[in-house]
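Data from run_37.txt: compact mmCIF, C-alpha atoms (C1' of nucleotides)
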```txt
# COMPACT_ATOMS: atom_id res chain seq x y z
CA MET J 1275 154.66 130.09 66.50
CA THR J 1276 153.88 133.24 64.56
CA GLN J 1277 154.57 136.12 66.88
CA THR J 1278 152.77 138.56 64.64
CA LEU J 1279 149.09 137.90 65.12
CA THR J 1280 146.56 140.64 64.66
CA ALA J 1281 143.48 140.60 66.88
CA LYS J 1282 141.53 139.65 63.81
CA GLY J 1283 143.98 136.92 62.98
CA ALA J 1284 143.86 135.48 66.47
CA ALA J 1285 140.06 135.44 66.33
CA THR J 1286 140.12 133.60 63.02
CA ARG J 1287 142.58 131.08 64.34
CA GLN J 1288 140.42 130.49 67.37
CA ARG J 1289 137.34 130.11 65.23
CA ILE J 1290 139.10 127.48 63.16
CA VAL J 1291 140.16 125.47 66.20
CA GLU J 1292 136.70 125.55 67.76
CA GLY J 1293 134.98 124.73 64.50
CA ALA J 1294 137.34 121.83 63.90
CA ALA J 1295 136.72 120.61 67.42
CA GLU J 1296 132.96 120.63 66.92
CA GLU J 1297 133.26 118.92 63.59
CA ILE J 1298 135.44 116.23 65.09
CA ARG J 1299 133.10 115.66 68.01
CA GLU J 1300 130.24 115.13 65.61
CA ARG J 1301 131.84 113.11 62.85
CA GLY J 1302 135.03 111.82 64.39
CA VAL J 1303 138.58 112.52 63.35
CA PHE J 1304 138.41 109.98 60.60
CA ASP J 1305 135.91 111.68 58.39
CA THR J 1306 136.46 115.26 59.24
CA THR J 1307 138.07 116.91 56.25
CA LEU J 1308 139.71 120.27 55.99
CA ASP J 1309 136.92 121.23 53.66
CA ASP J 1310 134.36 120.47 56.35
CA VAL J 1311 136.23 122.74 58.73
CA ARG J 1312 136.54 125.36 56.06
CA ALA J 1313 132.81 125.30 55.36
CA ARG J 1314 131.79 125.35 59.01
CA THR J 1315 134.07 128.19 59.96
CA GLY J 1316 133.58 130.24 56.82
CA THR J 1317 137.24 130.33 55.96
CA SER J 1318 139.33 129.50 52.96
CA LYS J 1319 141.93 126.85 52.37
CA SER J 1320 144.71 129.40 52.48
CA GLN J 1321 143.62 130.59 55.91
CA LEU J 1322 143.84 127.08 57.28
CA PHE J 1323 147.37 126.74 56.04
CA HIS J 1324 148.22 130.28 57.02
CA TYR J 1325 147.50 129.61 60.68
CA PHE J 1326 148.57 125.97 60.60
CA PRO J 1327 151.48 125.77 58.17
CA ASP J 1328 152.08 122.11 58.97
CA GLY J 1329 148.57 121.30 57.87
CA LYS J 1330 146.08 118.95 59.34
CA GLU J 1331 148.43 117.44 61.87
CA GLN J 1332 149.13 120.79 63.46
CA LEU J 1333 145.45 121.67 63.52
CA LEU J 1334 144.66 118.37 65.21
CA LEU J 1335 147.26 119.10 67.84
CA ALA J 1336 145.65 122.45 68.55
CA VAL J 1337 142.27 120.76 68.79
CA ALA J 1338 143.65 118.20 71.22
CA GLU J 1339 144.93 120.98 73.48
CA PHE J 1340 141.65 122.82 73.24
CA GLU J 1341 139.68 119.72 74.14
CA ALA J 1342 141.96 118.86 77.02
CA GLU J 1343 141.27 122.26 78.54
CA CYS J 1344 137.60 121.72 77.95
CA VAL J 1345 137.63 118.38 79.75
CA LEU J 1346 139.18 119.83 82.87
CA GLY J 1347 137.17 123.04 82.65
CA SER J 1348 133.85 121.24 82.56
CA GLN J 1349 134.56 119.75 85.99
CA GLN J 1350 135.08 123.06 87.68
CA PRO J 1351 134.58 124.49 90.17
CA TYR J 1352 134.37 121.17 92.00
CA LEU J 1353 137.53 119.50 90.71
CA GLY J 1354 139.66 122.28 92.13
CA ALA J 1355 138.22 122.05 95.62
CA LEU J 1356 137.56 118.45 96.58
CA HIS J 1357 137.76 119.23 100.27
CA THR J 1358 134.56 117.66 101.56
CA TRP J 1359 132.46 114.62 100.78
CA GLU J 1360 129.79 116.98 99.51
CA ALA J 1361 132.24 118.43 97.02
CA TRP J 1362 133.14 114.94 95.87
CA GLN J 1363 129.50 114.12 95.40
CA SER J 1364 128.91 117.32 93.43
CA TRP J 1365 131.90 116.58 91.29
CA ARG J 1366 130.63 113.07 90.66
CA ASP J 1367 127.19 114.38 89.72
CA THR J 1368 128.67 116.99 87.43
CA VAL J 1369 130.77 114.41 85.62
CA VAL J 1370 127.87 112.01 85.15
CA ALA J 1371 125.50 114.74 83.98
CA HIS J 1372 128.06 116.20 81.67
CA TYR J 1373 128.95 112.97 79.91
CA THR J 1374 125.39 111.74 79.83
CA GLU J 1375 124.03 114.81 78.13
CA GLN J 1376 126.78 115.24 75.63
CA GLY J 1377 126.25 111.72 74.36
CA GLN J 1378 128.44 110.82 71.46
CA PHE J 1379 129.98 114.28 71.25
CA CYS J 1380 132.75 113.68 73.67
CA PRO J 1381 135.87 115.83 74.03
CA LEU J 1382 137.45 113.30 76.34
CA ASN J 1383 137.09 110.56 73.79
CA VAL J 1384 138.39 112.87 71.11
CA VAL J 1385 141.57 113.68 72.95
CA MET J 1386 142.22 110.28 74.49
CA SER J 1387 141.22 107.89 71.73
CA GLN J 1388 141.06 109.78 68.47
CA VAL J 1389 143.53 112.61 67.98
CA GLY J 1390 145.42 111.53 71.06
CA ARG J 1391 146.93 108.58 69.37
CA SER J 1392 147.65 110.00 65.96
CA THR J 1393 150.97 111.72 66.57
CA PRO J 1394 153.62 111.85 69.29
CA GLY J 1395 152.75 115.47 69.93
CA ALA J 1396 149.08 114.71 70.46
CA GLN J 1397 150.03 111.78 72.65
CA ALA J 1398 151.93 114.18 74.88
CA VAL J 1399 148.81 116.31 75.20
CA SER J 1400 146.75 113.41 76.46
CA THR J 1401 149.51 112.34 78.80
CA ARG J 1402 149.64 115.82 80.28
CA LEU J 1403 145.87 115.83 80.65
CA VAL J 1404 146.02 112.60 82.61
CA GLU J 1405 148.77 113.95 84.84
CA ARG J 1406 146.97 117.16 85.67
CA TRP J 1407 143.75 115.30 86.30
CA LEU J 1408 145.41 112.78 88.57
CA ALA J 1409 147.12 115.57 90.48
CA GLU J 1410 143.82 117.30 91.21
CA LEU J 1411 142.16 114.10 92.37
CA ALA J 1412 145.13 113.10 94.51
CA ALA J 1413 145.17 116.55 96.08
CA GLY J 1414 141.52 116.14 97.02
CA ILE J 1415 142.21 112.76 98.58
CA ARG J 1416 145.15 114.12 100.55
CA HIS J 1417 142.93 116.89 101.82
CA LEU J 1418 140.42 114.41 103.17
CA GLN J 1419 143.23 112.36 104.59
CA ALA J 1420 144.56 115.37 106.48
CA ALA J 1421 141.08 115.90 107.86
CA GLY J 1422 140.97 112.29 109.01
CA GLU J 1423 138.16 111.42 106.62
CA VAL J 1424 140.25 108.94 104.68
CA GLY J 1425 142.46 106.27 106.18
CA ALA J 1426 146.18 106.96 106.35
CA SER J 1427 146.91 103.64 104.68
CA VAL J 1428 145.46 104.89 101.40
CA ASP J 1429 147.99 105.88 98.76
CA PRO J 1430 146.46 109.04 97.28
CA SER J 1431 148.04 108.79 93.88
CA ARG J 1432 147.16 105.13 93.57
CA ALA J 1433 143.57 105.78 94.59
CA ALA J 1434 143.40 108.66 92.15
CA SER J 1435 144.63 106.35 89.38
CA ALA J 1436 141.93 103.82 90.14
CA LEU J 1437 139.28 106.50 90.25
CA LEU J 1438 140.31 108.11 87.00
CA ALA J 1439 140.58 104.73 85.30
CA GLY J 1440 137.02 103.99 86.36
CA LEU J 1441 135.87 107.31 85.02
CA GLN J 1442 137.58 106.89 81.68
CA GLY J 1443 136.38 103.36 81.24
CA GLY J 1444 132.90 104.39 82.28
CA VAL J 1445 132.88 106.99 79.54
CA VAL J 1446 134.15 104.50 76.97
CA MET J 1447 131.35 102.15 77.94
CA LEU J 1448 128.84 104.98 77.87
CA LEU J 1449 129.88 105.72 74.34
CA SER J 1450 129.54 102.16 73.16
CA THR J 1451 126.49 101.02 75.09
CA GLY J 1452 124.65 104.28 75.57
CA SER J 1453 124.17 103.61 79.25
CA SER J 1454 125.68 105.73 82.00
CA ALA J 1455 125.18 102.96 84.55
CA HIS J 1456 128.77 101.77 84.29
CA LEU J 1457 130.19 105.23 84.76
CA GLU J 1458 128.02 105.81 87.79
CA ALA J 1459 128.88 102.45 89.27
CA ALA J 1460 132.59 103.04 88.81
CA LEU J 1461 132.56 106.47 90.41
CA ASP J 1462 130.30 105.42 93.27
CA MET J 1463 132.37 102.37 94.02
CA ALA J 1464 135.60 104.32 94.04
CA ILE J 1465 134.26 107.03 96.31
CA GLU J 1466 132.59 104.48 98.55
CA SER J 1467 135.86 102.65 98.80
CA LEU J 1468 137.62 105.82 99.92
CA ARG J 1469 134.92 106.52 102.43
CA ARG J 1470 135.23 103.14 104.10
CA SER J 1471 138.99 103.16 104.31
CA MET M 301 127.17 84.97 53.65
CA THR M 302 128.61 82.85 50.87
CA GLN M 303 127.55 79.31 51.60
CA THR M 304 129.95 77.89 49.07
CA LEU M 305 133.35 78.18 50.63
CA THR M 306 136.10 75.78 49.75
CA ALA M 307 138.57 74.84 52.46
CA LYS M 308 141.08 76.90 50.55
CA GLY M 309 138.67 79.78 50.32
CA ALA M 310 137.90 79.71 54.03
CA ALA M 311 141.61 79.72 54.79
CA THR M 312 142.18 82.73 52.58
CA ARG M 313 139.30 84.58 54.16
CA GLN M 314 140.68 83.84 57.58
CA ARG M 315 144.13 84.96 56.52
CA ILE M 316 142.70 88.25 55.33
CA VAL M 317 140.86 88.90 58.59
CA GLU M 318 143.86 88.10 60.73
CA GLY M 319 146.22 90.12 58.55
CA ALA M 320 143.86 93.07 58.61
CA ALA M 321 143.58 92.76 62.38
CA GLU M 322 147.36 92.83 62.79
CA GLU M 323 147.71 95.74 60.45
CA ILE M 324 145.06 97.69 62.33
CA ARG M 325 146.65 96.94 65.67
CA GLU M 326 149.94 98.30 64.42
CA ARG M 327 148.88 101.30 62.39
CA GLY M 328 145.34 101.96 63.56
CA VAL M 329 142.17 101.87 61.51
CA PHE M 330 142.81 105.31 60.14
CA ASP M 331 145.85 104.56 58.08
CA THR M 332 145.33 100.94 57.28
CA THR M 333 144.55 100.67 53.61
CA LEU M 334 143.23 97.74 51.66
CA ASP M 335 146.55 97.72 49.87
CA ASP M 336 148.37 97.25 53.15
CA VAL M 337 146.17 94.29 53.94
CA ARG M 338 146.66 92.96 50.44
CA ALA M 339 150.42 93.19 50.72
CA ARG M 340 150.60 91.65 54.18
CA THR M 341 148.35 88.74 53.37
CA GLY M 342 149.71 88.10 49.90
CA THR M 343 146.34 88.46 48.24
CA SER M 344 144.93 90.47 45.40
CA LYS M 345 142.36 93.20 45.33
CA SER M 346 139.80 90.90 43.80
CA GLN M 347 140.18 88.42 46.63
CA LEU M 348 139.41 91.09 49.18
CA PHE M 349 136.24 92.00 47.38
CA HIS M 350 135.42 88.39 46.66
CA TYR M 351 135.27 87.52 50.33
CA PHE M 352 133.97 90.89 51.46
CA PRO M 353 131.65 92.13 48.71
CA ASP M 354 130.64 95.17 50.71
CA GLY M 355 134.24 96.25 50.88
CA LYS M 356 136.18 97.77 53.68
CA GLU M 357 133.23 98.22 55.97
CA GLN M 358 132.43 94.54 55.92
CA LEU M 359 136.04 93.61 56.48
CA LEU M 360 136.21 95.94 59.46
CA LEU M 361 133.15 94.31 60.92
CA ALA M 362 134.77 90.90 60.60
CA VAL M 363 137.89 92.26 62.25
CA ALA M 364 135.84 93.67 65.10
CA GLU M 365 134.26 90.27 65.72
CA PHE M 366 137.62 88.58 65.53
CA GLU M 367 139.16 91.00 68.02
CA ALA M 368 136.22 90.71 70.39
CA GLU M 369 136.75 86.95 70.53
CA CYS M 370 140.42 87.54 71.07
CA VAL M 371 139.80 89.87 73.98
CA LEU M 372 137.66 87.36 75.82
CA GLY M 373 139.83 84.41 74.80
CA SER M 374 142.97 85.94 76.21
CA GLN M 375 141.45 85.96 79.67
CA GLN M 376 140.72 82.28 79.74
CA PRO M 377 140.70 79.94 81.50
CA TYR M 378 140.31 82.26 84.48
CA LEU M 379 137.47 84.43 83.31
CA GLY M 380 135.21 81.41 82.96
CA ALA M 381 135.81 80.18 86.48
CA LEU M 382 136.06 83.05 88.90
CA HIS M 383 135.09 80.87 91.84
CA THR M 384 137.82 81.64 94.33
CA TRP M 385 139.90 84.64 95.33
CA GLU M 386 142.88 82.85 93.85
CA ALA M 387 141.12 82.63 90.51
CA TRP M 388 140.32 86.32 90.67
CA GLN M 389 143.94 87.10 91.40
CA SER M 390 145.13 84.92 88.53
CA TRP M 391 142.67 86.61 86.23
CA ARG M 392 143.87 90.02 87.37
CA ASP M 393 147.49 89.03 86.78
CA THR M 394 146.69 87.63 83.37
CA VAL M 395 144.95 90.80 82.31
CA VAL M 396 147.75 93.04 83.52
CA ALA M 397 150.45 90.92 81.93
CA HIS M 398 148.56 90.63 78.69
CA TYR M 399 147.94 94.32 78.23
CA THR M 400 151.37 95.30 79.47
CA GLU M 401 153.20 93.11 77.03
CA GLN M 402 151.12 93.87 74.01
CA GLY M 403 151.76 97.58 74.44
CA GLN M 404 150.24 99.70 71.74
CA PHE M 405 148.93 96.71 69.80
CA CYS M 406 145.66 96.40 71.58
CA PRO M 407 142.67 94.43 70.32
CA LEU M 408 140.47 95.89 73.03
CA ASN M 409 141.23 99.39 71.92
CA VAL M 410 140.67 98.40 68.33
CA VAL M 411 137.23 97.04 68.93
CA MET M 412 136.06 99.57 71.51
CA SER M 413 137.52 102.82 70.22
CA GLN M 414 138.52 102.38 66.62
CA VAL M 415 136.43 100.01 64.52
CA GLY M 416 133.78 99.88 67.20
CA ARG M 417 132.55 103.38 66.55
CA SER M 418 132.72 103.41 62.78
CA THR M 419 129.46 101.72 61.86
CA PRO M 420 126.25 100.65 63.61
CA GLY M 421 127.16 97.02 62.96
CA ALA M 422 130.55 97.37 64.56
CA GLN M 423 129.01 99.23 67.45
CA ALA M 424 126.77 96.24 68.07
CA VAL M 425 129.84 94.04 68.22
CA SER M 426 131.41 96.11 70.97
CA THR M 427 128.14 96.28 72.85
CA ARG M 428 127.87 92.50 72.76
CA LEU M 429 131.46 92.20 73.94
CA VAL M 430 130.69 94.38 76.93
CA GLU M 431 127.57 92.38 77.75
CA ARG M 432 129.32 89.02 77.63
CA TRP M 433 132.21 90.33 79.65
CA LEU M 434 129.95 91.81 82.31
CA ALA M 435 128.00 88.57 82.49
CA GLU M 436 131.14 86.56 83.19
CA LEU M 437 132.31 88.93 85.88
CA ALA M 438 128.89 89.12 87.51
CA ALA M 439 128.68 85.33 87.53
CA GLY M 440 131.99 85.17 89.35
CA ILE M 441 130.81 87.68 91.92
CA ARG M 442 127.58 85.78 92.49
CA HIS M 443 129.58 82.63 92.99
CA LEU M 444 131.60 84.25 95.76
CA GLN M 445 128.44 85.68 97.20
CA ALA M 446 126.88 82.24 97.38
CA ALA M 447 129.97 81.03 99.17
CA GLY M 448 129.65 83.86 101.65
CA GLU M 449 132.88 85.49 100.52
CA VAL M 450 131.15 88.63 99.31
CA GLY M 451 128.52 90.56 101.23
CA ALA M 452 124.90 90.06 100.25
CA SER M 453 124.41 93.79 99.91
CA VAL M 454 126.63 93.91 96.83
CA ASP M 455 124.80 94.16 93.53
CA PRO M 456 126.79 91.80 91.30
CA SER M 457 126.00 93.46 88.02
CA ARG M 458 126.74 96.90 89.39
CA ALA M 459 130.03 95.72 90.85
CA ALA M 460 130.89 94.06 87.56
CA SER M 461 130.21 97.33 85.76
CA ALA M 462 132.53 99.23 88.04
CA LEU M 463 135.21 96.60 87.68
CA LEU M 464 135.03 96.48 83.92
CA ALA M 465 134.99 100.27 83.69
CA GLY M 466 138.18 100.35 85.73
CA LEU M 467 139.76 97.80 83.47
CA GLN M 468 138.84 99.59 80.30
CA GLY M 469 139.93 102.95 81.59
CA GLY M 470 143.13 101.42 82.88
CA VAL M 471 143.88 100.13 79.42
CA VAL M 472 143.13 103.49 77.83
CA MET M 473 145.52 105.10 80.27
CA LEU M 474 148.11 102.43 79.65
CA LEU M 475 147.93 103.23 75.97
CA SER M 476 148.36 106.94 76.44
CA THR M 477 150.84 107.04 79.29
CA GLY M 478 152.68 103.78 78.83
CA SER M 479 152.28 102.91 82.47
CA SER M 480 150.29 99.95 83.71
CA ALA M 481 150.08 101.43 87.20
CA HIS M 482 146.59 102.80 86.65
CA LEU M 483 145.26 99.52 85.35
CA GLU M 484 146.71 97.67 88.31
CA ALA M 485 145.38 100.21 90.77
CA ALA M 486 141.90 100.03 89.27
CA LEU M 487 141.73 96.24 89.34
CA ASP M 488 143.23 95.96 92.80
CA MET M 489 140.92 98.55 94.23
CA ALA M 490 137.85 96.90 92.74
CA ILE M 491 138.78 93.45 93.98
CA GLU M 492 139.78 94.81 97.36
CA SER M 493 136.44 96.54 97.59
CA LEU M 494 134.63 93.27 96.92
CA ARG M 495 136.73 91.50 99.48
CA ARG M 496 135.89 93.94 102.22
CA SER M 497 132.18 94.01 101.55
C1' DG S 267 138.06 64.16 31.68
C1' DC S 268 134.42 67.57 31.66
C1' DT S 269 131.80 71.26 33.28
C1' DA S 270 130.57 74.65 36.41
C1' DA S 271 131.68 77.08 40.25
C1' DA S 272 135.03 79.06 43.15
C1' DT S 273 139.36 81.37 43.36
C1' DT S 274 143.03 84.44 41.88
C1' DG S 275 145.83 88.29 39.43
C1' DG S 276 146.27 92.76 38.42
C1' DA S 277 145.24 96.65 35.38
C1' DC S 278 142.23 100.38 35.53
C1' DC S 279 138.92 104.08 36.99
C1' DG S 280 136.99 107.91 39.55
C1' DG S 281 136.62 110.68 43.30
C1' DC S 282 138.16 112.90 47.10
C1' DA S 283 140.99 115.34 50.12
C1' DA S 284 145.56 117.41 51.46
C1' DG S 285 148.38 120.72 50.16
C1' DT S 286 150.22 124.69 46.75
C1' DC S 287 150.09 129.08 44.63
C1' DC S 288 149.29 133.67 43.50
C1' DA S 289 146.74 137.63 43.35
C1' DG S 290 144.22 140.87 45.86
C1' DA S 291 142.17 143.09 50.14
C1' DA S 292 142.68 144.75 54.75
C1' DA S 293 145.46 146.48 58.57
C1' DG S 294 149.34 148.57 60.98
C1' DG S 295 153.10 151.53 61.63
C1' DT S 296 155.59 155.84 60.77
C1' DA L 1219 149.67 158.99 52.47
C1' DC L 1220 152.71 155.13 51.82
C1' DC L 1221 154.76 150.95 52.36
C1' DT L 1222 155.06 146.62 54.57
C1' DT L 1223 153.03 142.87 56.65
C1' DT L 1224 149.20 140.18 57.58
C1' DC L 1225 145.08 138.21 56.01
C1' DT L 1226 141.81 136.19 52.63
C1' DG L 1227 139.77 133.85 48.30
C1' DG L 1228 139.69 130.22 45.47
C1' DA L 1229 141.48 127.77 41.49
C1' DC L 1230 144.67 124.17 40.68
C1' DT L 1231 147.71 120.11 41.33
C1' DT L 1232 148.91 115.72 43.11
C1' DG L 1233 148.66 111.41 45.04
C1' DC L 1234 146.22 108.04 47.15
C1' DC L 1235 142.76 104.67 48.03
C1' DG L 1236 138.34 102.28 47.60
C1' DG L 1237 136.12 99.96 44.30
C1' DT L 1238 135.32 97.73 39.38
C1' DC L 1239 136.23 94.57 35.73
C1' DC L 1240 137.60 90.79 33.14
C1' DA L 1241 140.42 87.22 32.05
C1' DA L 1242 143.03 83.26 33.74
C1' DT L 1243 143.51 79.38 36.85
C1' DT L 1244 142.31 76.11 40.15
C1' DT L 1245 139.10 73.08 42.49
C1' DA L 1246 134.92 70.15 43.26
C1' DG L 1247 131.58 66.96 41.80
C1' DC L 1248 130.26 63.41 38.68
```
If you took the structure in this file and wrote it as structure tokens, what would it be?
Amino acid sequence: MTQTLTAKGAATRQRIVEGAAEEIRERGVFDTTLDDVRARTGTSKSQLFHYFPDGKEQLLLAVAEFEAECVLGSQQPYLGALHTWEAWQSWRDTVVAHYTEQGQFCPLNVVMSQVGRSTPGAQAVSTRLVERWLAELAAGIRHLQAAGEVGASVDPSRAASALLAGLQGGVVMLLSTGSSAHLEAALDMAIESLRRS
Amino acid sequence: MTQTLTAKGAATRQRIVEGAAEEIRERGVFDTTLDDVRARTGTSKSQLFHYFPDGKEQLLLAVAEFEAECVLGSQQPYLGALHTWEAWQSWRDTVVAHYTEQGQFCPLNVVMSQVGRSTPGAQAVSTRLVERWLAELAAGIRHLQAAGEVGASVDPSRAASALLAGLQGGVVMLLSTGSSAHLEAALDMAIESLRRS
DNA sequence: GCTAAATTGGACCGGCAAGTCCAGAAAGGT
DNA sequence: ACCTTTCTGGACTTGCCGGTCCAATTTAGC
């Protein structure tokens, strides 16, 4: 990447990425044009191509990375410290509240289903997101296991997979039906299952 | 819709829908053009607009309906008769095998994440798919409940929600990571949870 | 066969959006 | 101050893709 970036330049670049991300959340990747981004961020065509020489594809990649951070960030501080059942419950509540209130404007969906499948590079971003997410959840499960709260027969990474799958699917269903019931049911069932193990 | 449809005409229409569906599975909605469909199905532009006067949007809607049927159809005969644990296991195996082998070419993803969010009409299609699917799963759970195989405290529709969320999320993760482990973990955990209730 | 309706072919249009280009303004270093 | 590099503005080009149009051909019904 360009090593020479003025403070001003970096700010502009950041503004472009965030503006593009917002635009994409609202309208979807499909009908977000560079002109939309340009208008929203108050920039010119040449700036877009100055900071993203490879054009739209490169911008989308940057947006995917930005959104991936956002997805993990929105679950903090709970995701990083799933050491007690209370923490798990808080995490669960945070996730449900977060996805419920943001409605159709969903970073997770953007990175996993929209940009995430457009290019190999973007695909790698979503794969890394999944890996990091799984690692955090599995760490939490191992913590409970060490404390004797979860049965030793449970495979932490497998349980984390099931939990994350339920979460992702719950969000997909939230987006298409408008109801958060499925997301809640999936999370509750997964946690309940851990608890009874 | 056009009431007057010759056998030949109906066949052509069908060919267009199926060709479009294949094209979309392979390339995604985003970069499937009417010309691609035209080329694949050996038709002309005027035929496309003859059978789908409202253009691409209408064609996409037809594709969404087609794919929704396909999603449910691929789970038969098990989905319709989830009366025993063996049937549940067969269903689970069918689902895993089906999604594993079809790889990136995924009707479910097409209807839920791609076409399904483009227009209100298409959104209704995916909502209906979810409802029908949930109904089948809930019916299966109630059947086991009546037979005393599942605890009376289980809410069938809630359990079905959790199960379907796990499935959907598992598929999303399969598409982005290439591994079916998450899908399997989600299904196994959900069924296991029912079994122990 | 004859007519009307359905079906088909393909040239054409218009708009839109990605990407290019160059000139000019700011900023940074010495 | 001066020169170089970075940053910005916006007009312009290019190609693509959805959609239109009309003429030709086939099919169905009688």
Worksheet item: How many Å separate atom CA of M:Gly416 from atom CA of M:Glu357?
Response: 11.4 Å
Discussion item. To one decimal place in Å, what is the distance between atom CA of J:Arg1469 and atom CA of J:Gln1363?
Written reply: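 Here the two named atoms are 11.7 Å from each other.
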Discussion item. Could you check the closest approach to chain M for each of J:Arg1301, J:Gln1376, J:Lys1319, J:Leu1333 and tell me which residue wins, using only C-alpha atoms?
Written reply: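 When distances to chain M are compared using only C-alpha atoms, the smallest one comes from J:Arg1301.
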Worksheet item: Distance atom CA of M:Val317-atom CA of M:Phe366, one decimal place?
Response: 7.7 Å
Compile the contact shell of M:Met412 as an mmCIF file with C-alpha atoms, in the frame of the given file: residues with an atom at most 10 Å away, counting only C-alpha atoms (C1' of nucleotides), same-chain residues fewer than 2 positions apart removed.
```cif
data_model
loop_
_atom_site.group_PDB
_atom_site.id
_atom_site.type_symbol
_atom_site.label_atom_id
_atom_site.label_comp_id
_atom_site.auth_asym_id
_atom_site.auth_seq_id
_atom_site.Cartn_x
_atom_site.Cartn_y
_atom_site.Cartn_z
ATOM 1 C CA SER J 1387 141.220 107.890 71.730
ATOM 2 C CA VAL J 1446 134.150 104.500 76.970
ATOM 3 C CA MET J 1447 131.350 102.150 77.940
ATOM 4 C CA LEU J 1449 129.880 105.720 74.340
ATOM 5 C CA SER J 1450 129.540 102.160 73.160
ATOM 6 C CA ALA M 364 135.840 93.670 65.100
ATOM 7 C CA GLU M 367 139.160 91.000 68.020
ATOM 8 C CA ALA M 368 136.220 90.710 70.390
ATOM 9 C CA PRO M 407 142.670 94.430 70.320
ATOM 10 C CA LEU M 408 140.470 95.890 73.030
ATOM 11 C CA ASN M 409 141.230 99.390 71.920
ATOM 12 C CA VAL M 410 140.670 98.400 68.330
ATOM 13 C CA GLN M 414 138.520 102.380 66.620
ATOM 14 C CA VAL M 415 136.430 100.010 64.520
ATOM 15 C CA GLY M 416 133.780 99.880 67.200
ATOM 16 C CA ARG M 417 132.550 103.380 66.550
ATOM 17 C CA ALA M 422 130.550 97.370 64.560
ATOM 18 C CA GLN M 423 129.010 99.230 67.450
ATOM 19 C CA VAL M 425 129.840 94.040 68.220
ATOM 20 C CA SER M 426 131.410 96.110 70.970
ATOM 21 C CA THR M 427 128.140 96.280 72.850
ATOM 22 C CA LEU M 429 131.460 92.200 73.940
ATOM 23 C CA VAL M 430 130.690 94.380 76.930
ATOM 24 C CA GLN M 468 138.840 99.590 80.300
#
```
Worksheet entry | Minimum-distance residue to J:Thr1286, chosen among J:Arg1416, J:Arg1312, J:Arg1366, J:His1372 (using only C-alpha atoms) |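 Selected residue with least distance to J:Thr1286: J:Arg1312.
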Fill in: Using all atoms listed in the file: which of S:DG294, S:DG280, S:DG275, S:DG267 has the shortest distance to chain M
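Of S:DG294, S:DG280, S:DG275, S:DG267, the one nearest chain M is S:DG275, counting all atoms listed in the file.
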Would you mind listing what lies within 9 Å of L:DT1244 as a short mmCIF file (atom, residue, chain, number, x, y, z; two decimals) with C-alpha atoms (C1' of nucleotides), keeping the file's coordinate frame, with only C-alpha atoms (C1' of nucleotides) counted and same-chain residues fewer than 4 positions away left out?
```cif
data_model
loop_
_atom_site.label_atom_id
_atom_site.label_comp_id
_atom_site.auth_asym_id
_atom_site.auth_seq_id
_atom_site.Cartn_x
_atom_site.Cartn_y
_atom_site.Cartn_z
"C1'" DA S 272 135.03 79.06 43.15
"C1'" DT S 273 139.36 81.37 43.36
"C1'" DT S 274 143.03 84.44 41.88
#
```
Worksheet entry | Test item: residues at most 9 Å from M:Thr332, all atoms listed in the file, excluding those fewer than 6 positions along its chain, as a PyMOL selection string | chain M and resi 320+323-324+326
Fill in: Exercise answer, chain S residues close to chain J, 12 Å and all atoms listed in the file, as a count of residues only
10
Item to complete: Within 8 Å of chain M, which residues of chain L are there when counting only C-alpha atoms (C1' of nucleotides)? Please give them as a PyMOL selection string.
Response: chain L and resi 1235-1237
Worksheet item: Pick from M:Leu360, M:Ala310, M:Ala486, M:Ala339: nearest to J:Ala1433, with only C-alpha atoms counted?
Response: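 Using only C-alpha atoms, the shortest distance to J:Ala1433 belongs to M:Ala486.
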Item to complete: Identify, on the basis of all atoms listed in the file, every residue whose closest approach to S:DA270 does not exceed 10 Å; exclude the query and any residue fewer than 2 positions from it along the same chain; express the result as JSON, numbers by chain.
Response: {"S": [268, 272], "L": [1246, 1247]}
Discussion item. What are the residues of chain J lining chain M at 6 Å or less? Count all atoms listed in the file, and put the answer as a list in words.
Written reply: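 Only these qualify: Thr1401, Arg1432, Ser1435, Ala1436, Ala1439, Gly1440, Gln1442, Gly1443, Gly1444, Thr1451, His1456, Ala1459 and Ala1460 of chain J.
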Worksheet item: Taking into account only C-alpha atoms, which residue in the set J:Glu1296, J:His1357, J:Ser1348, J:Ala1371 is nearest to J:Val1311?
Response: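 Of the candidates, the smallest distance to J:Val1311 is held by J:Glu1296.
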Worksheet item: Between J:Leu1353, J:Val1424, J:Trp1362, J:Ser1454, which one has atoms that come closest to J:Leu1408, using all atoms listed in the file?
Response: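 Of J:Leu1353, J:Val1424, J:Trp1362, J:Ser1454, the one nearest J:Leu1408, counting all atoms listed in the file, is J:Leu1353.
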Can you report as AutoDock Vina command-line options the centre and edge lengths in Å, to one decimal, of an axis-aligned box around the listed atoms of stretch 1392-1396 of chain J padded with 4 Å on each side?
```
--center_x 150.6 --center_y 112.7 --center_z 68.2 --size_x 14.0 --size_y 13.5 --size_z 12.5
```
